[in-house]
Amino acid sequence: MEQTNRAPTESQAMISLRNLRVSYGEREILHGISFDVMRGETLVILGGSGSGKSTLLRTLVGLERTSSGEIWLKGKNIAAISSQEMDEIRKKIGMSFQGGALFGSMTVGENVALPLREHTKLEDSTIEIILRLKLDQVGLSGFEDYMPSQLSGGMKKRAAVARALAMDPEILFFDEPSAGLDPIIAAGVDQLILELKQAFHMTIIVVTHELASAFLIADRMVLIDKGNVVAIGSTEEMRSSTHPRVRQFLDRIAEPAVSEELDYLQMLTEEHRHPGR
Amino acid sequence: MELTTQIGGSVTDGLAYLGALTRLGGRAAYYTFVAPFRGKPLRFESAISQAMQTGVGALPILSLITFFIGLILALQSAYELRKFGALNYVASAVAISMTRELGPLITAIVVIGRSGSAFAAEIGTMKVTEEIDALETMAIDPIHFLVTPKFIAMIVMLPCLTIWANSMGILGGALFGVAQADFTLVRYIQSSLDALFLRDITTGLIKSVMFGITITAVGCHEGLSTGAGAEQVGRSTTRAVVVSIFLVILVDLIFTALFFFVSER
């Protein structure tokens, strides 16, 4: 394993993973992942289908249970805390899901305002102002009364980002931000991530397999393959890496053939993401 | 050996399923009775809109079905009663079988078809589109947000619907009574009321509350355990209907037996 990160001191790290293992039933998906995410950086988690990158993201926001290892987030090991403590941490993180995951029965405005209404005692008028501000940040001013079904794919994603931003999170997670978008709209979403990074110095973690978008937004990258960290480093370090797996991924060299039956199965099951707990 | 393993497996699966339903119901009960005193208010608006959908929305079809059932009951009992020249007992036969058994049961089955399936489909779709995950990452418990209002709506609405169903059934019987058995409408209703004891009605209503809990628990549990993909939503919905009907009949049997042995003393 090529470990080329800049030897972080503990205090800089926003999230620290230590030998993280996650299994679905008998099958282990992540085989001992360790790395740090620095405060204020944008880290892109790269990996192919079935690499375990989505599982890693879901584990970081507490949607999957760890089978062993530690995840230190804001000074707490979220692999071993109560659900109340986890809820407190969740109020400080925002997550933008692949398809947006907006609630179809609510307007865009109600979607964005939901975390504020649930977790704060703010007046309706204050919530209204925050709502306008957040929609303005993602370029959706005036869309608060639209239903999610009336929005295009890119707009849905922006609305989802606005909802993730509602509670002023310290860490923002993105699952495949450009999946299913045409290149122009996808570039717009990349631009939005860059703007958020500059404006708020937020810690941003992005899972993607889009190389162009990854190199545009990342400060550092992690390449995950078959549940292991293959390489971690800055964008330049990744570009100049000689690690065969990194080269294969970055130079987009096709896999010779599916080598093992198990790998193929893993790829399939990862695509049909496991139903859950 | 093979057979015993299979039977054992099904029994443990069944018990695990009942356990999951109980846990779901328990958490909904926590959010209904305990959490409001700990600063997590009940979602009344959501409960009311659910009640409108499951309750008021079911009235037309339920009225029609139970009216027919009442008429069928009258015809079937008259077939036997007229041999004894006892057609005037049709009113009491219909009234008792509606309130004790068919009113609650038919109501439950109509509600399973309209709402139990809808719960599974709604929650299942939300699961597939990661909306349930989104709720969790926003520190909002889906049980509090989605499931508890449904429980409240169903526990309130099923007894109300059952009372309505009982009345419509008696009216259905009255159609036969007036047309074929020399009753006037007032006298038919009077003799229906005379035949009923309060406990006929209350046992029916107790059962309907239990049916409401069962239907909600199964519908929501099936929705929440939906796998990935749209076809899984269909599967959950079907399962919700089939399992609900089975469990409602089972609960019916248990409570009917219970009432039978309790009233014996």
# chains A, B, ... in the order shown; residues from 1 in each chain; ligands from 1
call {"tool": "residues_around", "arguments": {"residues": "Val138 in chain A", "least_positions_apart": "3", "cutoff": "8 Å", "atoms": "only C-alpha atoms", "output": "list in words"}}
result
Lys134, Leu135, Arg158, Ala159, Val161, Ala162 and Leu192 of chain A
call {"tool": "write_last_selection", "arguments": {"atoms": "C-alpha atoms", "output": "mmCIF file, in the first residue's frame"}}
result
data_model
loop_
_atom_site.group_PDB
_atom_site.id
_atom_site.type_symbol
_atom_site.label_atom_id
_atom_site.label_comp_id
_atom_site.auth_asym_id
_atom_site.auth_seq_id
_atom_site.Cartn_x
_atom_site.Cartn_y
_atom_site.Cartn_z
ATOM 1 C CA LYS A 134 -29.339 28.433 0.877
ATOM 2 C CA LEU A 135 -31.283 28.251 -2.373
ATOM 3 C CA ARG A 158 -28.495 21.469 -6.314
ATOM 4 C CA ALA A 159 -31.612 21.383 -4.152
ATOM 5 C CA VAL A 161 -26.966 20.378 -1.691
ATOM 6 C CA ALA A 162 -29.045 23.259 -0.356
ATOM 7 C CA LEU A 192 -20.781 24.582 -7.088
#
call {"tool": "select_by_dssp", "arguments": {"residues": "range 80-240 of chain A", "states": "strand (DSSP E)", "output": "list in words"}}
result
Ile93, Gly94, Met95, Ser96, Ile171, Leu172, Phe173, Phe174, Asp175, Thr203, Ile204, Ile205, Val206, Val207, Thr208, Arg220, Met221, Val222, Leu223, Ile224, Asp225, Asn228, Val229, Val230, Ala231, Ile232, Gly233 and Ser234 of chain A
call {"tool": "write_last_selection", "arguments": {"atoms": "C-alpha atoms", "output": "PDB file, in the first residue's frame"}}
result
ATOM      1  CA  ILE A  93     -22.676  17.009   8.697  1.00  0.00           C
ATOM      2  CA  GLY A  94     -24.487  17.307   5.396  1.00  0.00           C
ATOM      3  CA  MET A  95     -24.912  14.615   2.789  1.00  0.00           C
ATOM      4  CA  SER A  96     -25.889  14.974  -0.844  1.00  0.00           C
ATOM      5  CA  ILE A 171     -18.384  18.413   6.813  1.00  0.00           C
ATOM      6  CA  LEU A 172     -20.165  17.900   3.520  1.00  0.00           C
ATOM      7  CA  PHE A 173     -20.417  14.493   1.841  1.00  0.00           C
ATOM      8  CA  PHE A 174     -21.209  13.951  -1.826  1.00  0.00           C
ATOM      9  CA  ASP A 175     -22.164  10.593  -3.322  1.00  0.00           C
ATOM     10  CA  THR A 203     -14.343  19.873   4.780  1.00  0.00           C
ATOM     11  CA  ILE A 204     -15.738  18.141   1.715  1.00  0.00           C
ATOM     12  CA  ILE A 205     -15.641  14.434   0.934  1.00  0.00           C
ATOM     13  CA  VAL A 206     -16.677  13.355  -2.539  1.00  0.00           C
ATOM     14  CA  VAL A 207     -17.129   9.812  -3.811  1.00  0.00           C
ATOM     15  CA  THR A 208     -16.861   9.576  -7.569  1.00  0.00           C
ATOM     16  CA  ARG A 220      -6.200  15.081  -2.143  1.00  0.00           C
ATOM     17  CA  MET A 221      -7.440  11.757  -3.444  1.00  0.00           C
ATOM     18  CA  VAL A 222      -7.805   8.230  -2.147  1.00  0.00           C
ATOM     19  CA  LEU A 223      -8.042   5.340  -4.560  1.00  0.00           C
ATOM     20  CA  ILE A 224     -10.026   2.410  -3.187  1.00  0.00           C
ATOM     21  CA  ASP A 225      -9.875  -0.958  -4.856  1.00  0.00           C
ATOM     22  CA  ASN A 228      -8.433  -1.555   0.309  1.00  0.00           C
ATOM     23  CA  VAL A 229      -6.717   1.822   0.050  1.00  0.00           C
ATOM     24  CA  VAL A 230      -4.438   1.551  -2.970  1.00  0.00           C
ATOM     25  CA  ALA A 231      -3.034   5.056  -2.890  1.00  0.00           C
ATOM     26  CA  ILE A 232      -3.587   8.378  -1.199  1.00  0.00           C
ATOM     27  CA  GLY A 233      -2.045  11.722  -2.045  1.00  0.00           C
ATOM     28  CA  SER A 234      -2.408  15.132  -3.631  1.00  0.00           C
TER      29      SER A 234
END
call {"tool": "closest_residue", "arguments": {"among": "A:Met155, A:Ile129, A:Leu17, A:Met167", "to": "chain B", "atoms": "only C-alpha atoms"}}
result
A:Met167
call {"tool": "interface_residues", "arguments": {"of": "chain B", "to": "chain A", "cutoff": "7 Å", "atoms": "only C-alpha atoms", "output": "ChimeraX atom specification"}}
result
/B:129-131,134,137-139,226-228
call {"tool": "select_by_dssp", "arguments": {"residues": "range 35-115 of chain B", "states": "alpha helix (DSSP H)", "output": "PyMOL selection string"}}
result
chain B and resi 44-54+59-81+90-97+103-111
call {"tool": "write_last_selection", "arguments": {"atoms": "C-alpha atoms", "output": "CSV table (one decimal), in the first residue's frame"}}
result
chain,number,residue,atom,x,y,z
B,44,PHE,CA,-50.0,15.9,14.4
B,45,GLU,CA,-50.4,17.4,11.0
B,46,SER,CA,-49.0,14.3,9.4
B,47,ALA,CA,-51.2,12.1,11.5
B,48,ILE,CA,-54.2,14.0,10.5
B,49,SER,CA,-53.5,13.9,6.8
B,50,GLN,CA,-52.8,10.1,7.2
B,51,ALA,CA,-56.2,9.8,9.0
B,52,MET,CA,-57.9,11.6,6.2
B,53,GLN,CA,-56.4,9.3,3.6
B,54,THR,CA,-56.9,6.0,5.5
B,59,LEU,CA,-65.7,5.6,3.4
B,60,PRO,CA,-67.3,5.2,-0.1
B,61,ILE,CA,-65.9,1.8,-0.9
B,62,LEU,CA,-66.3,0.6,2.7
B,63,SER,CA,-69.9,1.7,2.8
B,64,LEU,CA,-70.7,-0.1,-0.4
B,65,ILE,CA,-69.0,-3.3,0.6
B,66,THR,CA,-70.5,-3.5,4.1
B,67,PHE,CA,-73.9,-2.6,2.8
B,68,PHE,CA,-73.7,-5.6,0.4
B,69,ILE,CA,-72.3,-7.8,3.2
B,70,GLY,CA,-75.2,-6.9,5.4
B,71,LEU,CA,-77.6,-7.8,2.6
B,72,ILE,CA,-75.8,-11.1,2.0
B,73,LEU,CA,-75.9,-12.0,5.7
B,74,ALA,CA,-79.7,-11.2,5.7
B,75,LEU,CA,-80.3,-13.4,2.7
B,76,GLN,CA,-78.2,-16.3,4.0
B,77,SER,CA,-79.7,-16.3,7.5
B,78,ALA,CA,-83.2,-15.9,6.1
B,79,TYR,CA,-82.7,-19.0,4.0
B,80,GLU,CA,-82.4,-21.0,7.2
B,81,LEU,CA,-84.7,-19.0,9.5
B,90,VAL,CA,-82.9,-11.8,10.6
B,91,ALA,CA,-82.3,-8.4,12.2
B,92,SER,CA,-80.6,-9.8,15.3
B,93,ALA,CA,-78.6,-12.3,13.2
B,94,VAL,CA,-77.3,-9.6,11.0
B,95,ALA,CA,-76.6,-7.1,13.8
B,96,ILE,CA,-74.7,-9.6,15.9
B,97,SER,CA,-72.6,-11.1,13.1
B,103,GLY,CA,-67.7,-5.3,10.6
B,104,PRO,CA,-64.2,-5.2,12.0
B,105,LEU,CA,-62.9,-7.9,9.6
B,106,ILE,CA,-64.2,-6.4,6.4
B,107,THR,CA,-63.0,-2.9,7.5
B,108,ALA,CA,-59.6,-4.3,8.2
B,109,ILE,CA,-59.4,-6.0,4.8
B,110,VAL,CA,-60.5,-2.9,2.9
B,111,VAL,CA,-57.9,-0.9,4.8
call {"tool": "residues_around", "arguments": {"residues": "range 3-20 of chain B", "least_positions_apart": "3", "cutoff": "8 Å", "atoms": "only C-alpha atoms", "output": "list in words"}}
result
Arg23, Leu24 and His221 of chain B
call {"tool": "write_last_selection", "arguments": {"atoms": "C-alpha atoms", "output": "PDB file, in the first residue's frame"}}
result
ATOM      1  CA  ARG B  23     -39.960  -3.532  17.990  1.00  0.00           C
ATOM      2  CA  LEU B  24     -41.438  -1.211  15.369  1.00  0.00           C
ATOM      3  CA  HIS B 221     -41.988  -3.022   8.270  1.00  0.00           C
TER       4      HIS B 221
END
call {"tool": "residues_around", "arguments": {"residues": "range 28-42 of chain B", "least_positions_apart": "4", "cutoff": "7 Å", "atoms": "only C-alpha atoms", "output": "list in words"}}
result
Leu24, Ile143, His144, Val147 and Thr148 of chain B
call {"tool": "atom_distance", "arguments": {"atom1": "CA of Asp200 in chain B", "atom2": "CA of Thr99 in chain B"}}
result
6.1 Å
call {"tool": "closest_residue", "arguments": {"among": "A:Ile29, A:Leu20, A:Ile71, A:Ala80", "to": "Ser54 in chain A", "atoms": "only C-alpha atoms"}}
result
A:Ile29
call {"tool": "residues_around", "arguments": {"residues": "range 189-191 of chain A", "least_positions_apart": "4", "cutoff": "8 Å", "atoms": "only C-alpha atoms", "output": "PyMOL selection string"}}
result
chain A and resi 154+157-158+177-178+185+195+213+216-217
call {"tool": "atom_distance", "arguments": {"atom1": "CA of Thr66 in chain A", "atom2": "CA of Arg27 in chain A"}}
result
12.7 Å
call {"tool": "closest_residue", "arguments": {"among": "B:Thr214, B:Gly223, B:Asp194, B:Gln180", "to": "Arg82 in chain B", "atoms": "only C-alpha atoms"}}
result
B:Gln180
